[in-house]
>>> print(open('coords_28.cif').read())   # mmCIF, N, CA and C atoms
data_target
loop_
_atom_site.label_atom_id
_atom_site.label_comp_id
_atom_site.auth_asym_id
_atom_site.auth_seq_id
_atom_site.Cartn_x
_atom_site.Cartn_y
_atom_site.Cartn_z
N GLN A 1 112.32 35.08 22.02
CA GLN A 1 112.55 36.41 22.58
C GLN A 1 112.79 36.29 24.08
N VAL A 2 113.95 36.77 24.51
CA VAL A 2 114.28 36.72 25.93
C VAL A 2 113.45 37.77 26.67
N GLN A 3 112.84 37.35 27.75
CA GLN A 3 112.11 38.27 28.61
C GLN A 3 112.50 38.03 30.05
N LEU A 4 112.69 39.14 30.75
CA LEU A 4 112.99 39.11 32.18
C LEU A 4 111.97 40.00 32.87
N VAL A 5 111.29 39.43 33.86
CA VAL A 5 110.22 40.18 34.53
C VAL A 5 110.47 40.16 36.03
N GLU A 6 110.76 41.35 36.57
CA GLU A 6 110.99 41.47 38.01
C GLU A 6 109.69 41.72 38.75
N SER A 7 109.67 41.32 39.99
CA SER A 7 108.53 41.59 40.86
C SER A 7 109.02 41.59 42.30
N GLY A 8 108.17 42.09 43.20
CA GLY A 8 108.48 42.03 44.62
C GLY A 8 108.93 43.33 45.25
N GLY A 9 109.07 44.36 44.44
CA GLY A 9 109.48 45.64 45.01
C GLY A 9 108.36 46.26 45.83
N GLY A 10 108.70 47.35 46.51
CA GLY A 10 107.69 48.04 47.30
C GLY A 10 108.31 49.03 48.26
N LEU A 11 107.49 49.49 49.19
CA LEU A 11 107.90 50.45 50.20
C LEU A 11 108.09 49.70 51.52
N VAL A 12 109.23 49.92 52.14
CA VAL A 12 109.54 49.24 53.40
C VAL A 12 110.29 50.21 54.30
N GLN A 13 110.14 50.03 55.59
CA GLN A 13 110.87 50.86 56.54
C GLN A 13 112.31 50.38 56.66
N ALA A 14 113.17 51.28 57.04
CA ALA A 14 114.56 50.92 57.27
C ALA A 14 114.63 49.77 58.28
N GLY A 15 115.51 48.82 57.96
CA GLY A 15 115.63 47.62 58.78
C GLY A 15 114.77 46.47 58.32
N GLY A 16 113.87 46.76 57.41
CA GLY A 16 112.97 45.73 56.92
C GLY A 16 113.58 44.88 55.82
N SER A 17 112.74 44.03 55.26
CA SER A 17 113.19 43.07 54.25
C SER A 17 112.24 43.04 53.06
N LEU A 18 112.79 42.67 51.93
CA LEU A 18 112.02 42.43 50.71
C LEU A 18 112.67 41.28 49.97
N ARG A 19 111.85 40.60 49.18
CA ARG A 19 112.38 39.56 48.30
C ARG A 19 111.93 39.86 46.88
N LEU A 20 112.91 40.08 46.02
CA LEU A 20 112.63 40.32 44.62
C LEU A 20 112.74 39.01 43.84
N SER A 21 111.94 38.91 42.81
CA SER A 21 112.01 37.76 41.90
C SER A 21 112.21 38.26 40.47
N CYS A 22 112.85 37.44 39.69
CA CYS A 22 113.03 37.74 38.27
C CYS A 22 112.74 36.45 37.50
N ALA A 23 111.63 36.46 36.78
CA ALA A 23 111.23 35.30 35.99
C ALA A 23 111.74 35.46 34.56
N ALA A 24 112.45 34.47 34.09
CA ALA A 24 113.05 34.52 32.76
C ALA A 24 112.33 33.58 31.80
N SER A 25 112.25 33.99 30.56
CA SER A 25 111.68 33.14 29.51
C SER A 25 112.41 33.41 28.21
N GLY A 26 112.30 32.46 27.29
CA GLY A 26 112.91 32.64 25.98
C GLY A 26 114.39 32.34 25.94
N LEU A 27 114.90 31.67 26.95
CA LEU A 27 116.32 31.33 26.99
C LEU A 27 116.49 30.03 27.77
N THR A 28 117.65 29.40 27.56
CA THR A 28 118.00 28.25 28.37
C THR A 28 118.62 28.79 29.65
N PHE A 29 117.79 28.97 30.63
CA PHE A 29 118.15 29.73 31.83
C PHE A 29 119.40 29.19 32.51
N SER A 30 119.51 27.89 32.61
CA SER A 30 120.61 27.29 33.37
C SER A 30 121.97 27.47 32.70
N ARG A 31 121.99 27.94 31.48
CA ARG A 31 123.26 28.15 30.77
C ARG A 31 123.90 29.50 31.08
N TYR A 32 123.15 30.36 31.77
CA TYR A 32 123.63 31.73 31.98
C TYR A 32 123.76 32.09 33.45
N ALA A 33 124.87 32.75 33.76
CA ALA A 33 124.92 33.49 35.02
C ALA A 33 123.89 34.60 34.94
N MET A 34 123.49 35.12 36.08
CA MET A 34 122.53 36.22 36.11
C MET A 34 123.02 37.29 37.07
N GLY A 35 122.49 38.48 36.89
CA GLY A 35 122.91 39.57 37.75
C GLY A 35 121.75 40.47 38.15
N TRP A 36 121.93 41.13 39.28
CA TRP A 36 121.02 42.19 39.72
C TRP A 36 121.80 43.51 39.75
N PHE A 37 121.14 44.53 39.26
CA PHE A 37 121.68 45.88 39.28
C PHE A 37 120.64 46.79 39.92
N ARG A 38 121.05 48.01 40.23
CA ARG A 38 120.10 49.00 40.73
C ARG A 38 120.49 50.38 40.26
N GLN A 39 119.49 51.23 40.19
CA GLN A 39 119.72 52.62 39.80
C GLN A 39 118.90 53.54 40.68
N ALA A 40 119.60 54.35 41.43
CA ALA A 40 118.96 55.33 42.29
C ALA A 40 118.75 56.62 41.51
N PRO A 41 117.80 57.45 41.94
CA PRO A 41 117.54 58.71 41.23
C PRO A 41 118.80 59.56 41.12
N GLY A 42 119.10 60.01 39.91
CA GLY A 42 120.24 60.87 39.69
C GLY A 42 121.58 60.17 39.69
N LYS A 43 121.57 58.85 39.78
CA LYS A 43 122.82 58.10 39.83
C LYS A 43 122.89 57.10 38.68
N GLU A 44 124.09 56.62 38.43
CA GLU A 44 124.27 55.62 37.40
C GLU A 44 123.84 54.25 37.91
N ARG A 45 123.49 53.40 36.96
CA ARG A 45 123.15 52.04 37.31
C ARG A 45 124.39 51.34 37.84
N GLU A 46 124.22 50.56 38.90
CA GLU A 46 125.35 49.90 39.52
C GLU A 46 125.07 48.42 39.76
N PHE A 47 126.15 47.67 39.72
CA PHE A 47 126.09 46.23 39.98
C PHE A 47 125.79 45.99 41.45
N VAL A 48 124.92 45.02 41.70
CA VAL A 48 124.57 44.63 43.07
C VAL A 48 125.12 43.24 43.39
N VAL A 49 124.78 42.27 42.55
CA VAL A 49 125.21 40.90 42.84
C VAL A 49 125.07 40.06 41.58
N GLY A 50 125.94 39.05 41.47
CA GLY A 50 125.86 38.10 40.37
C GLY A 50 125.86 36.69 40.91
N ILE A 51 125.29 35.77 40.13
CA ILE A 51 125.23 34.38 40.52
C ILE A 51 125.59 33.51 39.33
N SER A 52 126.32 32.45 39.60
CA SER A 52 126.77 31.56 38.54
C SER A 52 125.62 30.70 38.02
N ARG A 53 125.90 29.98 36.97
CA ARG A 53 124.87 29.18 36.31
C ARG A 53 124.24 28.15 37.24
N SER A 54 125.04 27.53 38.05
CA SER A 54 124.51 26.51 38.96
C SER A 54 123.99 27.10 40.26
N GLY A 55 124.36 28.34 40.52
CA GLY A 55 124.00 28.99 41.78
C GLY A 55 125.04 28.80 42.86
N GLY A 56 126.11 28.09 42.55
CA GLY A 56 127.11 27.80 43.57
C GLY A 56 128.07 28.95 43.86
N LEU A 57 128.19 29.88 42.92
CA LEU A 57 129.09 31.01 43.12
C LEU A 57 128.29 32.30 43.09
N LYS A 58 128.61 33.19 44.01
CA LYS A 58 127.89 34.45 44.11
C LYS A 58 128.91 35.56 44.37
N TYR A 59 128.69 36.71 43.79
CA TYR A 59 129.60 37.83 43.96
C TYR A 59 128.78 39.06 44.31
N TYR A 60 129.05 39.64 45.47
CA TYR A 60 128.28 40.76 45.98
C TYR A 60 129.09 42.05 45.94
N ALA A 61 128.43 43.12 45.60
CA ALA A 61 129.05 44.44 45.74
C ALA A 61 129.19 44.75 47.23
N ASP A 62 130.20 45.51 47.57
CA ASP A 62 130.49 45.77 48.98
C ASP A 62 129.30 46.37 49.75
N PRO A 63 128.54 47.30 49.17
CA PRO A 63 127.47 47.92 49.97
C PRO A 63 126.37 46.96 50.42
N VAL A 64 126.28 45.79 49.80
CA VAL A 64 125.18 44.88 50.14
C VAL A 64 125.65 43.59 50.79
N LYS A 65 126.94 43.42 50.90
CA LYS A 65 127.47 42.19 51.50
C LYS A 65 126.94 42.01 52.93
N GLY A 66 126.52 40.81 53.21
CA GLY A 66 126.01 40.50 54.54
C GLY A 66 124.55 40.84 54.75
N ARG A 67 123.96 41.58 53.80
CA ARG A 67 122.55 41.96 53.93
C ARG A 67 121.68 41.37 52.82
N PHE A 68 122.23 41.25 51.63
CA PHE A 68 121.49 40.73 50.48
C PHE A 68 121.95 39.31 50.16
N THR A 69 121.01 38.52 49.66
CA THR A 69 121.33 37.15 49.25
C THR A 69 120.68 36.88 47.90
N ILE A 70 121.48 36.41 46.98
CA ILE A 70 120.96 36.02 45.67
C ILE A 70 120.84 34.50 45.63
N SER A 71 119.82 34.05 44.92
CA SER A 71 119.64 32.61 44.72
C SER A 71 118.93 32.41 43.40
N ARG A 72 118.90 31.18 42.95
CA ARG A 72 118.19 30.90 41.71
C ARG A 72 117.59 29.51 41.76
N ASP A 73 116.52 29.35 40.99
CA ASP A 73 115.86 28.05 40.84
C ASP A 73 115.81 27.78 39.34
N ASN A 74 116.71 26.96 38.86
CA ASN A 74 116.78 26.71 37.42
C ASN A 74 115.56 25.94 36.91
N ALA A 75 114.90 25.21 37.77
CA ALA A 75 113.69 24.50 37.36
C ALA A 75 112.55 25.47 37.10
N LYS A 76 112.60 26.62 37.77
CA LYS A 76 111.54 27.63 37.63
C LYS A 76 111.99 28.82 36.79
N ASN A 77 113.22 28.77 36.28
CA ASN A 77 113.75 29.88 35.47
C ASN A 77 113.64 31.21 36.21
N THR A 78 113.99 31.19 37.47
CA THR A 78 113.81 32.37 38.30
C THR A 78 115.04 32.63 39.15
N VAL A 79 115.39 33.89 39.27
CA VAL A 79 116.45 34.31 40.17
C VAL A 79 115.83 35.24 41.21
N TYR A 80 116.33 35.13 42.43
CA TYR A 80 115.77 35.86 43.56
C TYR A 80 116.81 36.77 44.19
N LEU A 81 116.34 37.83 44.81
CA LEU A 81 117.20 38.69 45.59
C LEU A 81 116.49 38.97 46.91
N THR A 82 117.02 38.39 47.98
CA THR A 82 116.48 38.62 49.31
C THR A 82 117.29 39.74 49.96
N MET A 83 116.58 40.78 50.37
CA MET A 83 117.23 41.96 50.91
C MET A 83 116.81 42.15 52.35
N ASN A 84 117.76 42.08 53.25
CA ASN A 84 117.51 42.28 54.68
C ASN A 84 118.21 43.54 55.17
N SER A 85 117.82 43.98 56.34
CA SER A 85 118.42 45.17 56.96
C SER A 85 118.50 46.32 55.96
N LEU A 86 117.41 46.58 55.31
CA LEU A 86 117.40 47.60 54.26
C LEU A 86 117.65 48.99 54.83
N LYS A 87 118.33 49.79 54.05
CA LYS A 87 118.69 51.15 54.42
C LYS A 87 118.08 52.12 53.40
N PRO A 88 117.88 53.36 53.80
CA PRO A 88 117.36 54.34 52.82
C PRO A 88 118.21 54.43 51.57
N GLU A 89 119.50 54.23 51.69
CA GLU A 89 120.39 54.31 50.53
C GLU A 89 120.23 53.12 49.58
N ASP A 90 119.44 52.14 49.97
CA ASP A 90 119.13 51.03 49.06
C ASP A 90 117.98 51.38 48.12
N THR A 91 117.36 52.52 48.34
CA THR A 91 116.25 52.96 47.48
C THR A 91 116.72 53.10 46.05
N ALA A 92 116.05 52.41 45.15
CA ALA A 92 116.45 52.39 43.74
C ALA A 92 115.47 51.55 42.95
N VAL A 93 115.59 51.62 41.65
CA VAL A 93 114.93 50.64 40.78
C VAL A 93 115.90 49.48 40.61
N TYR A 94 115.42 48.29 40.85
CA TYR A 94 116.26 47.10 40.78
C TYR A 94 115.95 46.33 39.49
N TYR A 95 117.02 45.96 38.80
CA TYR A 95 116.90 45.27 37.52
C TYR A 95 117.63 43.93 37.58
N CYS A 96 117.04 42.92 36.98
CA CYS A 96 117.81 41.70 36.74
C CYS A 96 118.25 41.73 35.28
N ALA A 97 119.31 41.00 35.01
CA ALA A 97 119.89 41.04 33.67
C ALA A 97 120.58 39.74 33.34
N ARG A 98 120.63 39.46 32.02
CA ARG A 98 121.31 38.28 31.50
C ARG A 98 122.53 38.72 30.72
N PRO A 99 123.67 38.10 30.97
CA PRO A 99 124.87 38.50 30.25
C PRO A 99 124.89 38.03 28.80
N ARG A 100 125.73 38.69 28.00
CA ARG A 100 125.86 38.31 26.59
C ARG A 100 126.46 36.92 26.44
N ARG A 101 127.39 36.61 27.32
CA ARG A 101 128.13 35.36 27.22
C ARG A 101 127.65 34.36 28.25
N SER A 102 127.93 33.09 27.97
CA SER A 102 127.51 32.04 28.89
C SER A 102 128.69 31.22 29.39
N ASP A 103 129.88 31.82 29.32
CA ASP A 103 131.08 31.04 29.63
C ASP A 103 131.79 31.48 30.89
N ALA A 104 131.13 32.20 31.75
CA ALA A 104 131.76 32.63 33.00
C ALA A 104 130.77 32.51 34.15
N ASP A 105 131.33 32.55 35.35
CA ASP A 105 130.51 32.35 36.54
C ASP A 105 129.70 33.58 36.91
N TYR A 106 130.20 34.77 36.64
CA TYR A 106 129.42 35.99 36.87
C TYR A 106 130.10 37.13 36.14
N PHE A 107 129.33 38.17 35.95
CA PHE A 107 129.81 39.37 35.25
C PHE A 107 129.38 40.56 36.08
N THR A 108 130.23 41.56 36.20
CA THR A 108 129.93 42.70 37.05
C THR A 108 129.72 44.01 36.29
N GLN A 109 130.05 44.00 35.01
CA GLN A 109 129.97 45.24 34.23
C GLN A 109 128.66 45.31 33.43
N ILE A 110 128.07 46.49 33.41
CA ILE A 110 126.83 46.68 32.68
C ILE A 110 126.97 46.27 31.22
N LYS A 111 128.08 46.61 30.61
CA LYS A 111 128.29 46.34 29.19
C LYS A 111 128.32 44.85 28.87
N GLU A 112 128.48 44.02 29.89
CA GLU A 112 128.53 42.59 29.68
C GLU A 112 127.13 41.96 29.61
N TYR A 113 126.12 42.75 29.83
CA TYR A 113 124.73 42.26 29.84
C TYR A 113 123.98 42.81 28.64
N ASP A 114 123.14 41.95 28.06
CA ASP A 114 122.39 42.42 26.89
C ASP A 114 120.88 42.33 27.04
N TYR A 115 120.40 41.64 28.05
CA TYR A 115 118.96 41.60 28.28
C TYR A 115 118.67 42.07 29.71
N TRP A 116 117.66 42.94 29.80
CA TRP A 116 117.31 43.57 31.07
C TRP A 116 115.82 43.47 31.30
N GLY A 117 115.44 43.35 32.57
CA GLY A 117 114.04 43.46 32.89
C GLY A 117 113.61 44.91 32.92
N GLN A 118 112.34 45.12 33.22
CA GLN A 118 111.79 46.48 33.23
C GLN A 118 112.08 47.19 34.55
N GLY A 119 112.51 46.43 35.54
CA GLY A 119 112.84 47.01 36.83
C GLY A 119 111.68 46.99 37.81
N THR A 120 112.03 46.97 39.08
CA THR A 120 111.03 47.05 40.14
C THR A 120 111.53 48.03 41.20
N GLN A 121 110.65 48.91 41.62
CA GLN A 121 111.02 49.98 42.54
C GLN A 121 111.09 49.47 43.97
N VAL A 122 112.19 49.80 44.62
CA VAL A 122 112.35 49.53 46.05
C VAL A 122 112.56 50.87 46.74
N THR A 123 111.72 51.17 47.70
CA THR A 123 111.82 52.42 48.44
C THR A 123 111.92 52.09 49.92
N VAL A 124 112.98 52.59 50.54
CA VAL A 124 113.22 52.34 51.95
C VAL A 124 113.08 53.67 52.69
N SER A 125 112.13 53.73 53.59
CA SER A 125 111.90 54.96 54.34
C SER A 125 112.68 54.93 55.65
N SER A 126 113.08 56.13 56.07
CA SER A 126 113.88 56.22 57.30
C SER A 126 112.99 56.37 58.52
#
>>> encode(input="coords_28.cif", output="structure tokens")
Amino acid sequence: QVQLVESGGGLVQAGGSLRLSCAASGLTFSRYAMGWFRQAPGKEREFVVGISRSGGLKYYADPVKGRFTISRDNAKNTVYLTMNSLKPEDTAVYYCARPRRSDADYFTQIKEYDYWGQGTQVTVSS
């Protein structure tokens, strides 16, 4: 059974930083690209960033480019999201996800993912 467990969310002031973690189990982690998504209140879930199986390729959504960094440790079955220069508009529940397929470097569409974590709340105060 694939399980994804996020942690590291919290309340931070604008301009601050947080580091999210997503621990995966029940899968051969290194065979899959991984992704982070977020969902703000009243809004649809949106793609944030994806990382390739080896970690060498990363694809960021425009709103987070230059501020967020994704990384992974395949030995620890964990993917990370380091968020700097946080803004109030970054407030959302953040989810990590595993795609259905294992044959591409990253996926940006929600429908391409079949396993999701429970999410971790990030709140950025102004």
>>> residues_around(input="coords_28.cif", residues="A:Ser85", least_positions_apart="5", cutoff="6.5 Å", atoms="only N, CA and C atoms", output="PyMOL selection string")
chain A and resi 14-17+67
>>> resolve_selection(input="coords_28.cif", expression="the PyMOL selection byres (((chain A and resi 94 and name CA) around 9) and name CA)", output="list in words")
Glu6, Gly9, Leu20, Trp36, Phe37, Arg38, Gln39, Ala40, Val48, Thr91, Ala92, Val93, Tyr95, Cys96, Gly117, Gln118, Gly119, Thr120, Gln121 and Val122 of chain A
>>> residues_around(input="coords_28.cif", residues="stretch 29-31 of chain A", least_positions_apart="3", cutoff="12 Å", atoms="only C-alpha atoms", output="VMD selection string")
chain A and resid 2 to 4 22 to 26 34 51 to 55 72 to 79 97 to 106
>>> atom_distance(input="coords_28.cif", atom1="atom CA of A:Leu11", atom2="atom CA of A:Thr123")
4.7 Å
>>> select_by_dssp(input="coords_28.cif", residues="chain A", states="strand (DSSP E)", output="PyMOL selection string")
chain A and resi 3-7+10-13+18-25+34-39+46-51+58-60+68-73+78-83+92-99+113-116+120-125
>>> axis_aligned_box(input="coords_28.cif", around="stretch 58-67 of chain A", padding_each_side="8 Å", output="JSON")
{"center_x": 126.1, "center_y": 40.6, "center_z": 49.3, "size_x": 24.8, "size_y": 30.7, "size_z": 27.0}
>>> select_by_dssp(input="coords_28.cif", residues="chain A", states="helix (DSSP H, G or I)", output="list of chain:residue names")
A:Phe29, A:Ser30, A:Arg31, A:Asp62, A:Pro63, A:Val64, A:Pro88, A:Glu89, A:Asp90, A:Ile110, A:Lys111, A:Glu112
>>> atom_distance(input="coords_28.cif", atom1="atom CA of A:Lys87", atom2="atom CA of A:Glu44")
18.5 Å
>>> residues_around(input="coords_28.cif", residues="A:Phe107", least_positions_apart="4", cutoff="8 Å", atoms="only C-alpha atoms", output="list in words")
Ala33, Met34, Gly35, Gly50, Pro99, Glu112 and Tyr113 of chain A
>>> write_last_selection(input="coords_28.cif", atoms="N, CA and C atoms", output="compact mmCIF listing (two decimals), in the frame of the given file")
# COMPACT_ATOMS: atom_id res chain seq x y z
N ALA A 33 124.87 32.75 33.76
CA ALA A 33 124.92 33.49 35.02
C ALA A 33 123.89 34.60 34.94
N MET A 34 123.49 35.12 36.08
CA MET A 34 122.53 36.22 36.11
C MET A 34 123.02 37.29 37.07
N GLY A 35 122.49 38.48 36.89
CA GLY A 35 122.91 39.57 37.75
C GLY A 35 121.75 40.47 38.15
N GLY A 50 125.94 39.05 41.47
CA GLY A 50 125.86 38.10 40.37
C GLY A 50 125.86 36.69 40.91
N PRO A 99 123.67 38.10 30.97
CA PRO A 99 124.87 38.50 30.25
C PRO A 99 124.89 38.03 28.80
N GLU A 112 128.48 44.02 29.89
CA GLU A 112 128.53 42.59 29.68
C GLU A 112 127.13 41.96 29.61
N TYR A 113 126.12 42.75 29.83
CA TYR A 113 124.73 42.26 29.84
C TYR A 113 123.98 42.81 28.64
>>> closest_residue(input="coords_28.cif", among="A:Ser21, A:Val124, A:Gly8, A:Gly42", to="A:Glu89", atoms="all atoms listed in the file")
A:Val124
>>> atom_distance(input="coords_28.cif", atom1="atom N of A:Thr69", atom2="atom N of A:Leu27")
24.5 Å
